[in-house]
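J.: Questions regarding the structure given below will be posed in turn.
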Amino acid sequence: MKKDGYNVAVVGATGAVGNMMINVLERRSFPVKNLVLLASGRSSGRKLPFRGKDYPVDELKESSFEGLDIGLFSAGGSISAKFAPFAAKAGCVVIDNTAHFRMDPEVPLVVPEVNPEHIANYKVRNIIANPNCSTIQMLVALKPIHDVAKIKRIVVSTYQSVSGTGKDAIEEMLLQSREIARGIDWSKDDGLNKLWSGLKHFRKMDTNVYPHRIAFECLPHIDVFMPNDYTKEEMKMVWETGKILDPNIKVTATTVRVPTFFGHSESVNIETEKKISAKEAKELLGKAPGIKVLDDPSKNEYPLTALAAGEDFTLVGRIREDESIDKGLNLWVVSDNILKGAALNAVQIAEILIDRYL
Ligand code: A2P
């Protein structure tokens with residue numbers, strides 16, 4: 001018999017993703033019986049609203065999970081590594097938004113529109129992993145195409161917003177942007193020259209979060225560099241695509257941090273085994289779950305981060321045949337990295353979990 005409600009913990013409740021998890025639980029009327037909000041000791045005493053009531057934030061401890069059914073974790077990989085096993089042992093199913101357990105063969109890695117059936121394996125460890133934000137939106141867009149045309153290779157470049165790094169990164173970009181905007185006097189005749197030379201000066205601006213200034217810059221560097229000179233973010237897209245969609249698909253990625261607030265954009269190029277026209281792909285994606293096609297060049301209509309922010313759908317547009325090969329497509333894919341890329345995907349997993357298994 002189904003329970004009438006579940007005891008749910010949000011770990012990292014005060015962070016950008018944790019906060020959104022609380023919001024999504026409320027918006028989707030998830031059957032929460034009791035909500036437990038956990039963060040570091042620094043946040044003890046804070047309160048956060050849920051369904052019109054203020055809930056206290058408690059310090060995360062090993063003993064925090066007694067009597068809980070589901071734990072949504074988003075407080076960083078080291079916190080998940082240390083505390084998820086305690087939750088799992090206490091019978092609380094962990095849905096982990098960090099990279100820590102993603103490639104563990106005993107932990108399902110799930111995008112509900114792509115491989116919901118993998119959730120069944122949660123019982124082995126009592127942990128389910130939420131994929132990387134960039135992987136999620138790319139696979140939501142590619143799954144319907146893979147089903148009919150079989151994708152052989154993906155070449156993806158990402159344009160990822162600073163919110164993916166956390167609240168500190170948003171602040172850093174804002175402060176740097178303000179300082180630069182104030183430091184440039186555009187009213188003078190030589191404004192252009194001053195800007196050009198000024199940017200060199202601003203290169204030395206204080207940075208705490210990123211290795212270089214992010215305001216008015218693109219950083220081809222997300223997460224740490226690996227021995228093969230790819231970044232870990234790039235390799236996550238390679239590894240996770242294999243685990244979630246199909247290990248036979250070849251993937252190469254370049255991931256770039258850009259000065260946008262919310263929403264990741266991706267240029268996705270695919271080569272398929274079977275020919276699929278741009279028209280067919282548009283029709284297919286227009287009917288697929290979790291996708292909204294925005295693709296009308298005559299009206300300058302295509303996905304933008306401003307359209308994706310706060311939106312549950314992954315936006316897909318600029319759908320074109322790759323004219324350099326026989327069977328290939330180009331797509332522009334944009335999604336809210338905090339929502340579908342993290343909080344929403346986690347809550348959708350929880351919805352399937354309670355519907356089919358708990
Ligand atoms: P806190 O606000 O108490 O530091 P973001 O990625 O947006 O920066 O958020 C990170 C989240 O992870 C916050 O909720 C933060 O809580 C939480 N967090 C960071 N360190 C710890 C820790 N040692 N124990 C529990 N939660 C932590």
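Labeling convention for the structure tokens: chains A, B, ... as they appear, residues from 1 per chain, ligands from 1 in order of appearance.
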If you take only C-alpha atoms and a cut-off of 12 Å, which residues of range 215-296 of chain A touch range 335-346 of chain A, and what are their nearest atom pairs and distances in Å to one decimal, in chain and number order, as JSON lines?

T.:
```
{"residue": "A:Thr260", "atom": "CA", "partner": "A:Asp336", "partner_atom": "CA", "distance": 11.4}
{"residue": "A:Phe261", "atom": "CA", "partner": "A:Asp336", "partner_atom": "CA", "distance": 10.0}
{"residue": "A:Phe262", "atom": "CA", "partner": "A:Asp336", "partner_atom": "CA", "distance": 6.2}
{"residue": "A:Gly263", "atom": "CA", "partner": "A:Asp336", "partner_atom": "CA", "distance": 4.1}
{"residue": "A:His264", "atom": "CA", "partner": "A:Ser335", "partner_atom": "CA", "distance": 5.7}
{"residue": "A:Ser265", "atom": "CA", "partner": "A:Ser335", "partner_atom": "CA", "distance": 6.9}
{"residue": "A:Glu266", "atom": "CA", "partner": "A:Ser335", "partner_atom": "CA", "distance": 9.0}
{"residue": "A:Gly290", "atom": "CA", "partner": "A:Lys340", "partner_atom": "CA", "distance": 9.2}
{"residue": "A:Ile291", "atom": "CA", "partner": "A:Ser335", "partner_atom": "CA", "distance": 9.6}
{"residue": "A:Lys292", "atom": "CA", "partner": "A:Ser335", "partner_atom": "CA", "distance": 10.2}
{"residue": "A:Val293", "atom": "CA", "partner": "A:Ser335", "partner_atom": "CA", "distance": 11.9}
```

J.: Output C-alpha atoms of each residue in that selection to a file, as a PDB file, in the first residue's frame.

T.:
```pdb
ATOM      1  CA  THR A 260      25.506  34.273 -18.081  1.00  0.00           C
ATOM      2  CA  PHE A 261      23.555  33.826 -14.841  1.00  0.00           C
ATOM      3  CA  PHE A 262      21.226  30.839 -15.328  1.00  0.00           C
ATOM      4  CA  GLY A 263      20.887  28.309 -18.140  1.00  0.00           C
ATOM      5  CA  HIS A 264      23.482  26.301 -20.002  1.00  0.00           C
ATOM      6  CA  SER A 265      23.642  26.431 -23.811  1.00  0.00           C
ATOM      7  CA  GLU A 266      25.115  23.716 -25.987  1.00  0.00           C
ATOM      8  CA  GLY A 290      10.566  17.333 -21.594  1.00  0.00           C
ATOM      9  CA  ILE A 291      11.378  19.204 -24.820  1.00  0.00           C
ATOM     10  CA  LYS A 292      10.112  22.439 -26.332  1.00  0.00           C
ATOM     11  CA  VAL A 293      11.232  23.160 -29.893  1.00  0.00           C
TER      12      VAL A 293
END
```

J.: Counting only C-alpha atoms and all ligand atoms, what are the residues of chain A within 6 Å of ligand 1, and for each of them which pair of atoms is the nearest and at what distance in Å, to one decimal? Sort the table by chain and rising number, as a Markdown table.

T.:
```
| residue | atom | partner | partner_atom_place_in_ligand_line | distance |
| --- | --- | --- | --- | --- |
| A:Gly12 | CA | ligand 1 | 14 (O) | 3.2 |
| A:Ala13 | CA | ligand 1 | 14 (O) | 4.6 |
| A:Thr14 | CA | ligand 1 | 14 (O) | 3.7 |
| A:Gly15 | CA | ligand 1 | 9 (O) | 3.2 |
| A:Ala16 | CA | ligand 1 | 7 (O) | 3.9 |
| A:Ala39 | CA | ligand 1 | 26 (N) | 3.6 |
| A:Ser40 | CA | ligand 1 | 25 (C) | 3.6 |
| A:Gly41 | CA | ligand 1 | 3 (O) | 6.0 |
| A:Arg42 | CA | ligand 1 | 3 (O) | 4.8 |
| A:Ser43 | CA | ligand 1 | 3 (O) | 4.2 |
| A:Leu60 | CA | ligand 1 | 25 (C) | 5.1 |
| A:Ala75 | CA | ligand 1 | 12 (O) | 3.3 |
| A:Gly166 | CA | ligand 1 | 7 (O) | 3.9 |
| A:Lys167 | CA | ligand 1 | 7 (O) | 4.5 |
```

J.: Can I get the residues of range 168-246 of chain A within 10 Å of range 137-152 of chain A, each with the closest pair of atoms and their distance in Å to one decimal, using only C-alpha atoms, sorted chain first then ascending number, as a Markdown table?

T.:
```
| residue | atom | partner | partner_atom | distance |
| --- | --- | --- | --- | --- |
| A:Met237 | CA | A:Met138 | CA | 9.0 |
| A:Glu240 | CA | A:Leu139 | CA | 9.7 |
| A:Thr241 | CA | A:Leu139 | CA | 7.3 |
| A:Ile244 | CA | A:Leu139 | CA | 8.4 |
| A:Leu245 | CA | A:Lys143 | CA | 7.3 |
| A:Asp246 | CA | A:Ile151 | CA | 9.0 |
```

J.: Restricting the output to C-alpha atoms, write the selected residues as a JSON list (two decimals), in the first residue's frame.

T.:
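And here's out-v1.json as it stands now:
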```json
[["chain", "number", "residue", "atom", "x", "y", "z"],
["A", 237, "MET", "CA", 29.86, 14.22, -20.62],
["A", 240, "GLU", "CA", 27.91, 9.69, -18.42],
["A", 241, "THR", "CA", 26.54, 9.50, -21.98],
["A", 244, "ILE", "CA", 22.94, 6.54, -19.46],
["A", 245, "LEU", "CA", 22.27, 6.31, -23.20],
["A", 246, "ASP", "CA", 24.62, 3.97, -25.05]]
```

J.: Tell me, as an NGL selection string, which residues lie within 7 Å of range 105-114 of chain A, counting only C-alpha atoms; anything in the same chain fewer than 4 positions away does not count.

T.: :A and (101 or 118-119 or 121-122 or 124-125 or 127-131 or 136 or 140 or 143 or 244 or 289 or 345 or 348-349)

J.: Where in range 231-350 of chain A does DSSP assign strand (DSSP E or B), given as a count of residues only?

T.: 39

J.: Residues at most 8 Å from Val238 in chain A, counting only C-alpha atoms, excluding those fewer than 5 positions away in the same chain, as number ranges by chain?

T.: A: 250-253

J.: Need the shell around Phe73 in chain A: protein/DNA/RNA residues with any atom at most 8 Å away, counting only C-alpha atoms. Skip same-chain ones fewer than 6 positions apart. Format as a list in words?

T.: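 The residues that qualify are Val10, Val11, Gly12, Gly18, Ser80, Ala84, Val94, Ile95, Asp96, Asn97 and Thr98 of chain A.
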
J.: Just write the chosen residues, all heavy atoms, as an mmCIF file, in the first residue's frame.

T.:
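Ended up saving to selection.cif:
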```cif
data_model
loop_
_atom_site.group_PDB
_atom_site.id
_atom_site.type_symbol
_atom_site.label_atom_id
_atom_site.label_comp_id
_atom_site.auth_asym_id
_atom_site.auth_seq_id
_atom_site.Cartn_x
_atom_site.Cartn_y
_atom_site.Cartn_z
ATOM 1 N N VAL A 10 16.673 17.667 2.552
ATOM 2 C CA VAL A 10 17.440 18.360 1.520
ATOM 3 C C VAL A 10 18.786 18.722 2.144
ATOM 4 O O VAL A 10 18.844 19.479 3.117
ATOM 5 C CB VAL A 10 16.712 19.629 1.018
ATOM 6 C CG1 VAL A 10 17.578 20.372 -0.003
ATOM 7 C CG2 VAL A 10 15.363 19.261 0.394
ATOM 8 N N VAL A 11 19.849 18.123 1.615
ATOM 9 C CA VAL A 11 21.187 18.364 2.155
ATOM 10 C C VAL A 11 21.868 19.416 1.277
ATOM 11 O O VAL A 11 22.028 19.219 0.072
ATOM 12 C CB VAL A 11 22.018 17.052 2.163
ATOM 13 C CG1 VAL A 11 23.413 17.315 2.701
ATOM 14 C CG2 VAL A 11 21.308 15.979 2.963
ATOM 15 N N GLY A 12 22.238 20.523 1.911
ATOM 16 C CA GLY A 12 22.732 21.679 1.134
ATOM 17 C C GLY A 12 21.562 22.612 0.840
ATOM 18 O O GLY A 12 21.520 23.277 -0.198
ATOM 19 N N GLY A 18 19.994 23.414 -3.652
ATOM 20 C CA GLY A 18 19.180 22.964 -2.523
ATOM 21 C C GLY A 18 17.905 23.787 -2.395
ATOM 22 O O GLY A 18 16.800 23.260 -2.200
ATOM 23 N N SER A 80 28.797 14.406 0.121
ATOM 24 C CA SER A 80 28.073 13.191 -0.281
ATOM 25 C C SER A 80 28.891 11.950 0.036
ATOM 26 O O SER A 80 28.363 10.950 0.529
ATOM 27 C CB SER A 80 27.750 13.223 -1.777
ATOM 28 O OG SER A 80 26.784 14.209 -2.026
ATOM 29 N N ALA A 84 26.387 10.332 2.538
ATOM 30 C CA ALA A 84 25.393 9.506 1.834
ATOM 31 C C ALA A 84 25.375 8.069 2.378
ATOM 32 O O ALA A 84 24.285 7.498 2.555
ATOM 33 C CB ALA A 84 25.649 9.524 0.324
ATOM 34 N N VAL A 94 19.178 7.892 -1.097
ATOM 35 C CA VAL A 94 19.888 9.124 -1.459
ATOM 36 C C VAL A 94 19.729 9.382 -2.957
ATOM 37 O O VAL A 94 19.946 8.485 -3.775
ATOM 38 C CB VAL A 94 21.384 8.984 -1.121
ATOM 39 C CG1 VAL A 94 22.181 10.163 -1.678
ATOM 40 C CG2 VAL A 94 21.579 8.853 0.384
ATOM 41 N N ILE A 95 19.346 10.609 -3.299
ATOM 42 C CA ILE A 95 19.412 11.050 -4.700
ATOM 43 C C ILE A 95 20.473 12.141 -4.709
ATOM 44 O O ILE A 95 20.277 13.226 -4.159
ATOM 45 C CB ILE A 95 18.044 11.546 -5.199
ATOM 46 C CG1 ILE A 95 17.019 10.404 -5.075
ATOM 47 C CG2 ILE A 95 18.156 12.018 -6.661
ATOM 48 C CD1 ILE A 95 15.602 10.784 -5.411
ATOM 49 N N ASP A 96 21.622 11.791 -5.282
ATOM 50 C CA ASP A 96 22.805 12.621 -5.107
ATOM 51 C C ASP A 96 23.103 13.444 -6.344
ATOM 52 O O ASP A 96 23.302 12.901 -7.425
ATOM 53 C CB ASP A 96 24.005 11.720 -4.778
ATOM 54 C CG ASP A 96 25.243 12.554 -4.519
ATOM 55 O OD1 ASP A 96 25.103 13.665 -3.973
ATOM 56 O OD2 ASP A 96 26.345 12.101 -4.876
ATOM 57 N N ASN A 97 23.184 14.755 -6.142
ATOM 58 C CA ASN A 97 23.422 15.643 -7.280
ATOM 59 C C ASN A 97 24.907 15.851 -7.573
ATOM 60 O O ASN A 97 25.253 16.512 -8.537
ATOM 61 C CB ASN A 97 22.742 16.989 -6.986
ATOM 62 C CG ASN A 97 22.701 17.870 -8.195
ATOM 63 O OD1 ASN A 97 22.272 17.446 -9.263
ATOM 64 N ND2 ASN A 97 23.186 19.085 -8.055
ATOM 65 N N THR A 98 25.792 15.318 -6.777
ATOM 66 C CA THR A 98 27.225 15.530 -7.017
ATOM 67 C C THR A 98 27.772 14.441 -7.946
ATOM 68 O O THR A 98 27.096 13.463 -8.250
ATOM 69 C CB THR A 98 28.034 15.496 -5.706
ATOM 70 O OG1 THR A 98 28.191 14.124 -5.283
ATOM 71 C CG2 THR A 98 27.342 16.299 -4.606
#
```

J.: Select, from A:Glu323, A:Phe216, A:Asn300, A:Thr254, the residue with the minimum atom-to-atom distance to Asp229 in chain A, counting only C-alpha atoms.

T.: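 Smallest separation from Asp229 in chain A among the options: A:Thr254.
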
J.: For each of A:Val333, A:Val8, A:Val156, A:Cys133, take the minimum atom-to-atom distance to Cys92 in chain A, counting only C-alpha atoms, then give the residue where this is smallest.

T.: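 Checking each of A:Val333, A:Val8, A:Val156, A:Cys133 against Cys92 in chain A, counting only C-alpha atoms, the winner is A:Val8.
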
J.: Can you pull out every residue from range 71-252 of chain A that DSSP, working from the backbone, puts in helix (DSSP H, G or I), and format the result as a PyMOL selection string?

T.: chain A and resi 77-89+116-124+133-149+162-164+167-183+191-202+232-244

J.: Looking at only C-alpha atoms, which of A:Ser177, A:Ser197, A:Ser187, A:Gln160 is the one that sits closest to Leu219 in chain A?

T.: A:Gln160
